[in-house]
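Structure data follow from protein.cif (mmCIF, C-alpha atoms):
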```cif
data_coords
loop_
_atom_site.label_atom_id
_atom_site.label_comp_id
_atom_site.auth_asym_id
_atom_site.auth_seq_id
_atom_site.Cartn_x
_atom_site.Cartn_y
_atom_site.Cartn_z
CA MET A 1 -8.34 -90.66 22.37
CA THR A 2 -7.61 -93.70 20.30
CA THR A 3 -5.70 -91.65 17.71
CA ARG A 4 -3.61 -90.16 20.42
CA PHE A 5 -2.72 -93.58 21.77
CA ARG A 6 -1.91 -94.78 18.29
CA LEU A 7 0.37 -91.77 17.67
CA GLN A 8 2.03 -92.33 20.95
CA SER A 9 2.73 -95.87 19.94
CA MET A 10 4.84 -94.58 17.05
CA THR A 11 8.21 -93.19 17.86
CA ALA A 12 8.22 -89.39 18.13
CA HIS A 13 11.26 -89.27 15.90
CA SER A 14 9.62 -90.92 12.90
CA ILE A 15 6.52 -88.72 13.20
CA ALA A 16 8.55 -85.57 13.13
CA TRP A 17 10.33 -86.60 10.00
CA LEU A 18 7.07 -87.63 8.37
CA LEU A 19 5.33 -84.31 9.07
CA LEU A 20 8.21 -81.92 8.32
CA PRO A 21 7.63 -81.45 4.54
CA ALA A 22 3.88 -80.92 5.05
CA ALA A 23 4.55 -78.35 7.77
CA VAL A 24 6.94 -76.47 5.53
CA GLN A 25 4.39 -76.56 2.70
CA LEU A 26 1.66 -75.27 4.97
CA ALA A 27 3.76 -72.47 6.33
CA CYS A 28 4.73 -71.34 2.87
CA SER A 29 1.40 -71.36 1.10
CA ALA A 30 -0.99 -70.51 3.90
CA ALA A 31 0.46 -67.71 6.03
CA ILE A 32 3.41 -65.87 7.57
CA PRO A 33 3.95 -63.25 4.86
CA PRO A 34 7.40 -61.62 4.90
CA LYS A 35 7.93 -58.34 6.71
CA GLU A 36 8.23 -56.54 3.35
CA LEU A 37 4.73 -57.65 2.33
CA VAL A 38 3.25 -56.80 5.72
CA ASP A 39 4.75 -53.32 5.47
CA ALA A 40 3.61 -52.89 1.86
CA ARG A 41 0.04 -53.90 2.76
CA SER A 42 -0.23 -51.57 5.77
CA VAL A 43 1.36 -48.67 3.88
CA TYR A 44 -1.00 -49.24 0.96
CA THR A 45 -4.06 -49.42 3.24
CA ARG A 46 -3.05 -46.12 4.86
CA VAL A 47 -2.19 -44.28 1.64
CA ALA A 48 -5.22 -45.54 -0.31
CA ALA A 49 -7.49 -44.07 2.40
CA GLY A 50 -5.72 -40.71 2.16
CA PRO A 51 -5.74 -37.87 -0.35
CA ALA A 52 -3.72 -39.86 -2.93
CA LYS A 53 -6.97 -41.47 -4.10
CA ASP A 54 -8.11 -38.08 -5.45
CA LEU A 55 -4.83 -36.26 -6.00
CA ALA A 56 -2.60 -39.00 -7.50
CA PRO A 57 -4.93 -41.74 -8.78
CA ALA A 58 -2.53 -42.94 -11.50
CA ASP A 59 0.36 -43.35 -9.07
CA LEU A 60 -1.90 -45.08 -6.57
CA ASP A 61 -3.04 -47.47 -9.31
CA THR A 62 0.59 -48.27 -10.14
CA ALA A 63 1.16 -48.99 -6.45
CA LYS A 64 -1.93 -51.19 -6.38
CA GLN A 65 -0.69 -53.25 -9.32
CA SER A 66 2.73 -53.48 -7.74
CA LEU A 67 1.21 -54.79 -4.53
CA ALA A 68 -0.97 -57.23 -6.50
CA ARG A 69 2.19 -58.56 -8.16
CA ALA A 70 3.73 -59.10 -4.71
CA GLU A 71 0.55 -60.81 -3.47
CA GLY A 72 0.60 -63.00 -6.58
CA ALA A 73 4.20 -64.02 -5.93
CA PHE A 74 3.29 -64.75 -2.33
CA GLN A 75 0.39 -66.95 -3.49
CA GLU A 76 2.62 -68.76 -5.94
CA ASP A 77 5.75 -69.38 -4.00
CA GLY A 78 5.18 -68.02 -0.50
CA ASP A 79 7.87 -66.16 1.37
CA SER A 80 10.36 -66.17 -1.49
CA GLN A 81 13.01 -63.61 -2.38
CA ARG A 82 10.80 -62.70 -5.35
CA THR A 83 7.88 -61.96 -3.03
CA ARG A 84 10.12 -59.85 -0.85
CA ASP A 85 11.54 -57.96 -3.82
CA PHE A 86 8.09 -57.26 -5.22
CA ALA A 87 6.73 -56.23 -1.81
CA TYR A 88 9.74 -53.94 -1.28
CA VAL A 89 9.05 -52.26 -4.62
CA ALA A 90 5.28 -52.11 -3.88
CA GLU A 91 5.88 -50.28 -0.60
CA ARG A 92 8.06 -47.70 -2.41
CA ARG A 93 5.53 -47.23 -5.20
CA THR A 94 2.82 -46.64 -2.60
CA LEU A 95 4.94 -44.08 -0.74
CA GLN A 96 5.68 -42.50 -4.10
CA ALA A 97 1.93 -42.12 -4.74
CA GLU A 98 1.62 -40.49 -1.33
CA ALA A 99 4.46 -38.06 -2.13
CA GLN A 100 2.89 -37.32 -5.52
CA ALA A 101 -0.38 -36.44 -3.76
CA GLY A 102 1.63 -34.12 -1.51
CA ILE A 103 3.16 -32.45 -4.56
CA VAL A 104 -0.25 -31.90 -6.18
CA GLN A 105 -1.69 -30.54 -2.93
CA ALA A 106 1.26 -28.17 -2.45
CA GLU A 107 0.93 -26.95 -6.02
CA ARG A 108 -2.77 -26.33 -5.55
CA ASP A 109 -2.04 -24.46 -2.33
CA ARG A 110 0.54 -22.39 -4.10
CA GLU A 111 -1.79 -21.56 -6.97
CA ALA A 112 -4.45 -20.44 -4.52
CA THR A 113 -1.89 -18.45 -2.54
CA ASP A 114 -0.58 -17.00 -5.79
CA LYS A 115 -3.98 -15.44 -6.34
CA ASP A 116 -3.83 -13.98 -2.83
CA LEU A 117 -0.32 -12.78 -3.60
CA LYS A 118 -1.47 -11.02 -6.77
CA ARG A 119 -4.35 -9.43 -4.87
CA ALA A 120 -2.01 -8.34 -2.09
CA GLN A 121 0.45 -6.94 -4.62
CA LEU A 122 -2.33 -5.01 -6.35
CA ALA A 123 -3.53 -3.75 -2.99
CA THR A 124 0.00 -2.63 -2.19
CA ILE A 125 0.24 -0.83 -5.50
CA ASP A 126 -3.15 0.82 -4.95
CA LYS A 127 -2.15 1.82 -1.45
CA THR A 128 1.14 3.29 -2.61
CA ARG A 129 -0.60 5.11 -5.43
CA ALA A 130 -3.20 6.52 -3.03
CA GLU A 131 -0.45 7.67 -0.70
CA LEU A 132 1.41 9.34 -3.51
CA ASP A 133 -1.85 10.95 -4.61
CA SER A 134 -2.64 12.35 -1.20
CA GLU A 135 0.95 13.49 -0.84
CA ARG A 136 0.70 15.24 -4.20
CA ARG A 137 -2.64 16.76 -3.25
CA ALA A 138 -1.21 17.96 0.06
CA LYS A 139 1.72 19.51 -1.79
CA GLU A 140 -0.64 21.18 -4.25
CA ALA A 141 -2.78 22.45 -1.41
CA SER A 142 0.17 23.94 0.42
CA ARG A 143 1.44 25.43 -2.82
CA ALA A 144 -2.00 26.95 -3.44
CA GLN A 145 -1.97 28.26 0.12
CA ALA A 146 1.44 29.79 -0.39
CA GLU A 147 0.26 31.34 -3.63
CA ALA A 148 -2.83 32.71 -1.95
CA ALA A 149 -0.69 34.11 0.85
CA THR A 150 1.64 35.71 -1.67
CA LYS A 151 -1.36 37.11 -3.51
CA GLU A 152 -2.78 38.35 -0.25
CA VAL A 153 0.50 40.05 0.61
CA THR A 154 0.67 41.56 -2.87
CA ARG A 155 -2.93 42.63 -2.63
CA THR A 156 -2.44 44.07 0.84
CA ARG A 157 0.60 45.89 -0.39
CA ALA A 158 -1.41 47.20 -3.33
CA ASP A 159 -4.23 48.12 -0.97
CA LEU A 160 -1.82 49.91 1.30
CA GLU A 161 -0.32 51.58 -1.70
CA ALA A 162 -3.76 52.67 -2.91
CA GLU A 163 -4.74 53.74 0.58
CA LYS A 164 -1.54 55.71 0.95
CA LYS A 165 -2.13 57.26 -2.44
CA ALA A 166 -5.71 58.11 -1.51
CA ARG A 167 -4.56 59.58 1.78
CA GLU A 168 -1.88 61.59 0.05
CA GLU A 169 -4.46 62.67 -2.48
CA ALA A 170 -6.84 63.64 0.30
CA GLU A 171 -4.08 65.49 2.13
CA LYS A 172 -3.14 67.23 -1.06
CA ARG A 173 -6.76 68.07 -1.67
CA ALA A 174 -7.15 69.25 1.88
CA ALA A 175 -4.01 71.36 1.57
CA ALA A 176 -5.33 72.76 -1.70
CA ALA A 177 -8.68 73.37 -0.06
CA MET A 178 -6.98 75.13 2.82
CA ALA A 179 -4.95 77.15 0.37
CA SER A 180 -8.03 78.17 -1.60
CA LEU A 181 -9.79 78.88 1.68
CA ALA A 182 -6.94 81.10 2.72
CA GLU A 183 -7.64 83.20 -0.36
CA VAL A 184 -11.19 84.00 0.76
CA ALA A 185 -10.81 83.83 4.52
CA LYS A 186 -8.38 83.91 7.39
CA VAL A 187 -7.56 80.37 8.50
CA LYS A 188 -6.02 79.76 11.90
CA GLU A 189 -5.34 76.58 13.84
CA GLU A 190 -6.31 76.89 17.44
CA SER A 191 -6.72 74.41 20.30
CA ARG A 192 -10.51 74.28 19.67
CA GLY A 193 -9.94 73.41 16.01
CA VAL A 194 -9.42 75.15 12.70
CA VAL A 195 -10.99 78.58 12.82
CA ILE A 196 -12.08 80.13 9.53
CA THR A 197 -12.81 83.76 10.00
CA LEU A 198 -14.94 85.57 7.45
CA SER A 199 -15.24 89.30 7.56
CA GLY A 200 -18.78 90.53 8.20
CA ALA A 201 -18.35 93.21 5.56
CA VAL A 202 -17.77 90.61 2.91
CA LEU A 203 -20.83 88.59 3.91
CA PHE A 204 -23.55 90.96 4.88
CA ALA A 205 -24.84 94.50 4.34
CA THR A 206 -24.88 96.62 7.50
CA ALA A 207 -27.37 95.36 10.12
CA LYS A 208 -28.67 92.71 7.70
CA SER A 209 -28.51 88.95 7.91
CA ASP A 210 -29.00 88.24 4.18
CA LEU A 211 -25.90 86.93 2.48
CA LEU A 212 -24.41 89.05 -0.24
CA PRO A 213 -24.02 87.34 -3.64
CA ILE A 214 -20.21 87.38 -3.29
CA ALA A 215 -20.64 85.68 0.12
CA VAL A 216 -22.63 82.84 -1.42
CA GLN A 217 -19.75 82.20 -3.80
CA LYS A 218 -17.12 82.34 -1.05
CA LEU A 219 -19.10 80.02 1.21
CA SER A 220 -19.39 77.52 -1.66
CA GLU A 221 -15.62 77.38 -1.76
CA VAL A 222 -15.47 77.00 2.02
CA ALA A 223 -18.04 74.18 1.87
CA ARG A 224 -16.03 72.37 -0.81
CA ALA A 225 -12.85 72.69 1.23
CA LEU A 226 -14.60 71.40 4.36
CA LYS A 227 -16.06 68.44 2.52
CA ASP A 228 -12.65 67.57 1.09
CA GLN A 229 -10.89 67.74 4.39
CA GLY A 230 -13.46 65.89 6.48
CA PHE A 231 -14.37 66.91 10.02
CA LYS A 232 -16.18 65.88 13.13
CA GLU A 233 -18.25 68.91 13.87
CA ILE A 234 -18.66 72.49 12.75
CA VAL A 235 -19.80 75.39 14.86
CA VAL A 236 -20.71 78.60 13.06
CA GLU A 237 -20.24 81.57 15.43
CA GLY A 238 -21.73 84.98 14.68
CA HIS A 239 -19.90 88.00 16.17
CA THR A 240 -20.72 91.78 16.21
CA ASP A 241 -18.98 94.96 17.38
CA SER A 242 -20.09 96.60 20.58
CA GLN A 243 -22.27 99.25 18.98
CA GLY A 244 -26.01 99.00 19.60
CA SER A 245 -27.82 96.93 22.23
CA ALA A 246 -26.42 93.60 23.30
CA THR A 247 -29.76 91.83 22.71
CA LYS A 248 -29.98 93.16 19.22
CA ASN A 249 -26.36 92.26 18.54
CA GLU A 250 -26.89 88.73 19.81
CA ALA A 251 -29.99 88.28 17.67
CA LEU A 252 -28.19 89.68 14.65
CA SER A 253 -25.12 87.51 15.23
CA LEU A 254 -27.29 84.39 15.56
CA ALA A 255 -29.28 85.25 12.43
CA ARG A 256 -26.04 85.74 10.49
CA ALA A 257 -24.57 82.46 11.81
CA GLU A 258 -27.79 80.68 10.84
CA ALA A 259 -27.59 82.17 7.36
CA VAL A 260 -24.03 80.89 6.95
CA ARG A 261 -25.04 77.50 8.36
CA PHE A 262 -27.96 77.28 5.96
CA GLN A 263 -25.71 78.12 3.05
CA LEU A 264 -23.14 75.50 4.03
CA VAL A 265 -25.86 72.86 4.46
CA SER A 266 -27.26 73.71 1.05
CA GLN A 267 -23.75 73.16 -0.32
CA GLY A 268 -23.71 69.57 1.01
CA ILE A 269 -22.45 69.81 4.61
CA PRO A 270 -24.57 67.37 6.69
CA SER A 271 -26.98 69.46 8.82
CA GLU A 272 -26.60 67.26 11.93
CA LYS A 273 -22.87 68.00 12.03
CA ILE A 274 -23.18 71.74 11.94
CA ARG A 275 -24.76 74.19 14.37
CA ALA A 276 -24.96 77.95 14.64
CA VAL A 277 -24.46 80.16 17.70
CA GLY A 278 -24.89 83.96 18.14
CA LEU A 279 -22.27 85.39 20.45
CA GLY A 280 -22.93 89.12 19.88
CA SER A 281 -20.08 91.34 20.92
CA SER A 282 -18.93 89.08 23.76
CA ARG A 283 -15.73 87.95 22.08
CA PRO A 284 -14.01 90.82 20.34
CA VAL A 285 -10.74 90.21 18.54
CA ALA A 286 -9.87 93.93 18.25
CA GLU A 287 -10.51 97.32 19.82
CA ASN A 288 -14.09 98.55 19.40
CA SER A 289 -12.83 102.15 19.69
CA THR A 290 -11.53 102.38 16.12
CA ALA A 291 -13.41 101.82 12.89
CA GLU A 292 -10.86 99.25 11.76
CA GLY A 293 -11.10 97.36 15.05
CA ARG A 294 -14.90 97.33 14.86
CA ALA A 295 -14.75 96.06 11.27
CA ASN A 296 -12.53 93.19 12.45
CA ASN A 297 -14.92 92.35 15.26
CA ARG A 298 -17.87 92.12 12.87
CA ARG A 299 -17.24 88.61 11.65
CA VAL A 300 -18.36 85.00 11.33
CA GLU A 301 -16.10 82.25 12.62
CA ILE A 302 -16.45 78.74 11.36
CA VAL A 303 -14.86 76.45 13.95
CA VAL A 304 -14.03 73.04 12.53
CA THR A 305 -13.35 70.18 14.92
CA PRO A 306 -11.10 67.84 13.00
CA ASN A 307 -11.76 64.13 12.65
CA ARG A 308 -8.80 63.05 14.74
CA MET B 1 29.39 -82.19 -50.07
CA ARG B 2 31.14 -83.51 -47.12
CA SER B 3 32.93 -80.33 -46.33
CA THR B 4 29.61 -78.45 -46.55
CA SER B 5 27.93 -80.68 -44.02
CA MET B 6 31.03 -80.31 -41.87
CA SER B 7 30.91 -76.52 -42.01
CA LYS B 8 27.15 -76.59 -41.29
CA ARG B 9 27.86 -78.65 -38.27
CA VAL B 10 30.62 -76.26 -37.22
CA ILE B 11 28.30 -73.24 -37.61
CA SER B 12 25.51 -74.77 -35.58
CA ALA B 13 28.01 -75.76 -32.95
CA SER B 14 29.41 -72.24 -32.70
CA TRP B 15 25.83 -70.79 -32.51
CA GLY B 16 25.28 -73.16 -29.69
CA ALA B 17 28.40 -71.90 -28.00
CA VAL B 18 27.25 -68.31 -28.39
CA TRP B 19 23.84 -69.23 -27.03
CA LEU B 20 25.50 -70.91 -24.11
CA LEU B 21 27.67 -67.87 -23.51
CA LEU B 22 24.69 -65.53 -23.57
CA VAL B 23 22.19 -67.57 -21.61
CA GLY B 24 24.04 -70.39 -20.04
CA CYS B 25 26.50 -68.69 -17.78
CA GLY B 26 24.65 -67.34 -14.70
CA GLY B 27 21.40 -68.25 -16.45
CA ALA B 28 20.54 -64.64 -17.55
CA ALA B 29 21.86 -61.71 -19.59
CA VAL B 30 23.40 -58.63 -17.98
CA PRO B 31 20.45 -56.28 -17.13
CA GLN B 32 22.24 -53.31 -18.63
CA GLU B 33 19.14 -51.30 -19.55
CA GLN B 34 17.63 -51.64 -16.11
CA LEU B 35 20.95 -50.71 -14.54
CA SER B 36 21.25 -47.57 -16.72
CA ALA B 37 17.68 -46.56 -15.95
CA ALA B 38 18.18 -47.00 -12.22
CA GLN B 39 21.45 -45.08 -12.33
CA ALA B 40 19.69 -42.28 -14.18
CA ALA B 41 16.97 -42.23 -11.53
CA GLU B 42 19.61 -42.08 -8.80
CA LYS B 43 21.24 -39.07 -10.53
CA GLY B 44 17.78 -37.51 -10.88
CA ALA B 45 17.23 -37.85 -7.16
CA GLU B 46 20.54 -36.09 -6.51
CA VAL B 47 19.57 -33.24 -8.83
CA ALA B 48 16.16 -32.95 -7.14
CA GLY B 49 17.99 -32.32 -3.88
CA ALA B 50 17.24 -35.65 -2.22
CA ALA B 51 20.57 -35.55 -0.38
CA GLU B 52 19.50 -32.39 1.47
CA ASP B 53 16.12 -33.81 2.48
CA PRO B 54 16.43 -36.23 5.44
CA LYS B 55 13.54 -38.50 4.38
CA ALA B 56 14.55 -38.57 0.72
CA ALA B 57 18.20 -38.99 1.67
CA LEU B 58 17.42 -42.36 3.26
CA TYR B 59 15.97 -43.70 0.00
CA LEU B 60 18.77 -42.15 -2.04
CA LYS B 61 21.24 -44.01 0.17
CA LEU B 62 19.31 -47.27 -0.27
CA ALA B 63 19.31 -46.75 -4.05
CA ARG B 64 23.07 -46.15 -4.11
CA GLU B 65 23.76 -49.20 -1.97
CA GLY B 66 21.48 -51.27 -4.20
CA LEU B 67 23.25 -50.11 -7.35
CA ASP B 68 26.65 -50.92 -5.84
CA ARG B 69 25.44 -54.38 -4.87
CA ALA B 70 23.91 -54.91 -8.33
CA LYS B 71 27.19 -54.02 -9.99
CA ALA B 72 29.02 -56.49 -7.74
CA LEU B 73 26.46 -59.18 -8.57
CA ILE B 74 26.84 -58.50 -12.31
CA ALA B 75 30.60 -58.78 -11.96
CA ASP B 76 29.91 -62.10 -10.26
CA ASP B 77 27.71 -63.15 -13.18
CA ARG B 78 24.72 -63.32 -10.86
CA ASN B 79 22.54 -61.35 -13.26
CA GLU B 80 19.18 -62.71 -12.13
CA GLU B 81 19.81 -61.53 -8.60
CA ALA B 82 21.25 -58.27 -9.90
CA ARG B 83 18.03 -57.55 -11.79
CA ALA B 84 15.94 -57.86 -8.61
CA VAL B 85 18.34 -55.63 -6.69
CA ILE B 86 18.21 -53.07 -9.51
CA ASP B 87 14.39 -53.11 -9.38
CA ARG B 88 14.55 -52.30 -5.70
CA ALA B 89 17.12 -49.54 -6.30
CA GLN B 90 14.93 -48.09 -9.04
CA ALA B 91 11.96 -47.96 -6.67
CA ASP B 92 14.15 -46.36 -3.98
CA ALA B 93 15.48 -43.71 -6.38
CA ASP B 94 12.00 -42.93 -7.76
CA LEU B 95 10.69 -42.51 -4.23
CA ALA B 96 13.65 -40.27 -3.30
CA ILE B 97 12.82 -38.04 -6.28
CA ALA B 98 9.12 -37.85 -5.37
CA ILE B 99 9.85 -36.98 -1.73
CA ALA B 100 12.41 -34.31 -2.68
CA LYS B 101 9.94 -32.76 -5.12
CA GLU B 102 7.20 -32.85 -2.51
CA THR B 103 9.41 -31.02 -0.03
CA GLN B 104 10.32 -28.47 -2.67
CA ALA B 105 6.67 -27.89 -3.66
CA LYS B 106 5.67 -27.47 0.00
CA ARG B 107 8.51 -25.00 0.55
CA GLN B 108 7.44 -22.97 -2.48
CA ALA B 109 3.85 -22.90 -1.25
CA ALA B 110 5.05 -21.78 2.18
CA ASP B 111 7.27 -19.10 0.62
CA THR B 112 4.35 -17.72 -1.36
CA ARG B 113 2.18 -17.75 1.76
CA GLU B 114 4.87 -15.88 3.65
CA GLN B 115 5.12 -13.27 0.89
CA VAL B 116 1.37 -12.75 1.09
CA GLU B 117 1.57 -12.35 4.87
CA GLN B 118 4.37 -9.82 4.59
CA LEU B 119 2.46 -7.78 2.01
CA LYS B 120 -0.70 -7.90 4.10
CA GLN B 121 1.20 -6.73 7.16
CA ARG B 122 2.75 -3.91 5.20
CA ILE B 123 -0.65 -2.85 3.88
CA GLU B 124 -2.20 -2.89 7.35
CA LYS B 125 0.76 -1.08 8.94
CA GLN B 126 0.71 1.80 6.59
#
```
Conversion result in structure tokens:
Amino acid sequence: MTTRFRLQSMTAHSIAWLLLPAAVQLACSAAIPPKELVDARSVYTRVAAGPAKDLAPADLDTAKQSLARAEGAFQEDGDSQRTRDFAYVAERRTLQAEAQAGIVQAERDREATDKDLKRAQLATIDKTRAELDSERRAKEASRAQAEAATKEVTRTRADLEAEKKAREEAEKRAAAAMASLAEVAKVKEESRGVVITLSGAVLFATAKSDLLPIAVQKLSEVARALKDQGFKEIVVEGHTDSQGSATKNEALSLARAEAVRFQLVSQGIPSEKIRAVGLGSSRPVAENSTAEGRANNRRVEIVVTPNR
Amino acid sequence: MRSTSMSKRVISASWGAVWLLLVGCGGAAVPQEQLSAAQAAEKGAEVAGAAEDPKAALYLKLAREGLDRAKALIADDRNEEARAVIDRAQADADLAIAIAKETQAKRQAADTREQVEQLKQRIEKQ
């Protein structure tokens, strides 16, 4: 209180003039840093806490020294132009350290991505190669298919050719067989099949059912011709003239047909495909009144049912 | 003898004049080296593409303005002040270079990433 009264007793004017230099001194040395220094400090605090510490330590150190120089100038002569200049430079150096950290980070990113890029490029190459491979394989497969088809066609054609040849051969053989048959027997095509008529006189002695030696030979030729031609069924029919009793004639005709059947079977005609019937004199082909007609009626007919 | 001491005196006087010329006027020599270095940095920033980068462009502009002011100060024989202005311009130009390079490096990284993405998409599509 007393001090206050004493101060009041002095004139305000003289006090102000007395205190002015001290106030200026205080302001300069103690506080109120220039805007440049405030900015430099805050920028440095921010950047030093960021990635620059690890990524751009040298640049951050330069910035630190630059800021220290500004702080030193501020300590020495307060808010001077020198302090402002140094602080201005310090802020830039700090931002430069931050940018440098950004550069290093971006380069690291790019290096890492470069590896991905190489992998992706290799994968693309692999993929393309695989596609080309499968395309090539598909082409080869279709070519092989085409070749197989061509081969098949060629083969089929050859088969057909061979078949045709075989058929022609068979037909020729059959024709030859028929021709040779015609030499030993009368061959006639009828609705019931091919009828081979053998004269009884050639085959058997009168009233006998034993084959004559010449008959055995002729029947061998007939059997060969039949085998060559192929057939579905054969019926051997025995026929007689009208002389003598019907019962006897029937028995004789059956015995003769059986003899012929047996001979044909022994020459290789399958027994299940051939049967014998005795028809006696029931189906004459000529007059029984003349000797020639009766000779024609005494006969064995081999009826061949063709395959088709 | 006399003429010798006279000439000695003349020599020392002229050295003094030279010294005065160099140091006396404006109080400091022309900061030619600093000016050249700062100008080189400013050119470097241009080459690095600072003019095309908005953030870097600001510092490039500050550097140019600083260099112009420094040259005017030198012409005015205010070399001490010029040196401080050049230091600022140098810091501005250096920063412009760093920012332009950072932008470039980030763009390259992004380009590479994009390439990878495109390749990956192509691989998955096929």
Atomic distance CA of Ala276 (chain A) - CA of Val260 (chain A), expressed in Å with one decimal: 8.3 Å
Selected residue, from A:Ser245, A:Thr83, A:Gln96, A:Gln75, that lies nearest to chain B when counting only C-alpha atoms: A:Gln96
Determine, counting only C-alpha atoms, which protein, DNA and RNA residues have an atom within 12 Å of an atom of Lys127 (chain A); residues of the same chain fewer than 3 positions away are not included. Present the result as a compact mmCIF listing (two decimals) with C-alpha atoms, in the frame of the given file.
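Written output follows (result_2.txt):
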```txt
# COMPACT_ATOMS: atom_id res chain seq x y z
CA ARG A 119 -4.35 -9.43 -4.87
CA ALA A 120 -2.01 -8.34 -2.09
CA GLN A 121 0.45 -6.94 -4.62
CA LEU A 122 -2.33 -5.01 -6.35
CA ALA A 123 -3.53 -3.75 -2.99
CA THR A 124 0.00 -2.63 -2.19
CA ALA A 130 -3.20 6.52 -3.03
CA GLU A 131 -0.45 7.67 -0.70
CA LEU A 132 1.41 9.34 -3.51
CA ASP A 133 -1.85 10.95 -4.61
CA SER A 134 -2.64 12.35 -1.20
CA LEU B 119 2.46 -7.78 2.01
CA LYS B 120 -0.70 -7.90 4.10
CA ARG B 122 2.75 -3.91 5.20
CA ILE B 123 -0.65 -2.85 3.88
CA GLU B 124 -2.20 -2.89 7.35
CA LYS B 125 0.76 -1.08 8.94
CA GLN B 126 0.71 1.80 6.59
```
Target residues per the PyMOL selection byres ((chain B) within 6 of (chain A)), formatted as a list in words: Arg88, Ala91, Leu95, Ala98, Ile99, Glu102, Ala105, Lys106, Ala109, Arg113 and Val116 of chain B
Straight-line distance linking CA of Ala255 (chain A) with CA of Pro284 (chain A), stated in Å to one decimal: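 Interatomic distance here is 18.1 Å.
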Report the residues retrieved by the PyMOL selection byres ((chain B and resi 30) around 8) from the displayed file, expressed as a short mmCIF file (atom, residue, chain, number, x, y, z; two decimals) with C-alpha atoms, keeping the file's coordinate frame.
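Final output, saved to out_39.cif:
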```cif
data_model
loop_
_atom_site.label_atom_id
_atom_site.label_comp_id
_atom_site.auth_asym_id
_atom_site.auth_seq_id
_atom_site.Cartn_x
_atom_site.Cartn_y
_atom_site.Cartn_z
CA ALA B 28 20.54 -64.64 -17.55
CA ALA B 29 21.86 -61.71 -19.59
CA PRO B 31 20.45 -56.28 -17.13
CA GLN B 32 22.24 -53.31 -18.63
CA ILE B 74 26.84 -58.50 -12.31
CA ASP B 77 27.71 -63.15 -13.18
CA ASN B 79 22.54 -61.35 -13.26
#
```
Distance of CA of Arg261 (chain A) from CA of Leu211 (chain A), expressed in Å to one decimal place: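 Between CA of Leu211 (chain A) and CA of Arg261 (chain A) the gap works out to 11.1 Å.
Comparing B:Ala110, B:Ala93, B:Leu73, B:Ala82 by their smallest distance to Glu46 (chain B), the closest is B:Ala93 (using only C-alpha atoms).
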In the coordinates of the file, take the point (26.6, -49.4, -5.0) and a cut-off of 12 Å; then, counting all atoms listed in the file, name each qualifying protein, DNA or RNA residue as an mmCIF file with C-alpha atoms, in the coordinates of the input.
```
data_model
loop_
_atom_site.group_PDB
_atom_site.id
_atom_site.type_symbol
_atom_site.label_atom_id
_atom_site.label_comp_id
_atom_site.auth_asym_id
_atom_site.auth_seq_id
_atom_site.Cartn_x
_atom_site.Cartn_y
_atom_site.Cartn_z
ATOM 1 C CA LEU B 35 20.950 -50.710 -14.540
ATOM 2 C CA ALA B 38 18.180 -47.000 -12.220
ATOM 3 C CA GLN B 39 21.450 -45.080 -12.330
ATOM 4 C CA GLU B 42 19.610 -42.080 -8.800
ATOM 5 C CA LEU B 60 18.770 -42.150 -2.040
ATOM 6 C CA LYS B 61 21.240 -44.010 0.170
ATOM 7 C CA LEU B 62 19.310 -47.270 -0.270
ATOM 8 C CA ALA B 63 19.310 -46.750 -4.050
ATOM 9 C CA ARG B 64 23.070 -46.150 -4.110
ATOM 10 C CA GLU B 65 23.760 -49.200 -1.970
ATOM 11 C CA GLY B 66 21.480 -51.270 -4.200
ATOM 12 C CA LEU B 67 23.250 -50.110 -7.350
ATOM 13 C CA ASP B 68 26.650 -50.920 -5.840
ATOM 14 C CA ARG B 69 25.440 -54.380 -4.870
ATOM 15 C CA ALA B 70 23.910 -54.910 -8.330
ATOM 16 C CA LYS B 71 27.190 -54.020 -9.990
ATOM 17 C CA ALA B 72 29.020 -56.490 -7.740
ATOM 18 C CA LEU B 73 26.460 -59.180 -8.570
ATOM 19 C CA ILE B 74 26.840 -58.500 -12.310
ATOM 20 C CA ALA B 82 21.250 -58.270 -9.900
ATOM 21 C CA VAL B 85 18.340 -55.630 -6.690
ATOM 22 C CA ILE B 86 18.210 -53.070 -9.510
ATOM 23 C CA ALA B 89 17.120 -49.540 -6.300
#
```
Test item: residues at most 12 Å from Gly244 (chain A), only C-alpha atoms, excluding those fewer than 5 positions along its chain, as a list in words: Ala207, Asn249, Glu250, Ala251, Leu252, Gly280, Ser281 and Asn288 of chain A
Would you compute, for all listed atoms of region 74-90 of chain A, the axis-aligned bounding box grown by 6 Å on each side, and then report its centre and edge lengths in Å rounded to one decimal, as AutoDock Vina command-line options?
```
--center_x 6.7 --center_y -60.7 --center_z -2.3 --size_x 24.6 --size_y 29.3 --size_z 19.3
```
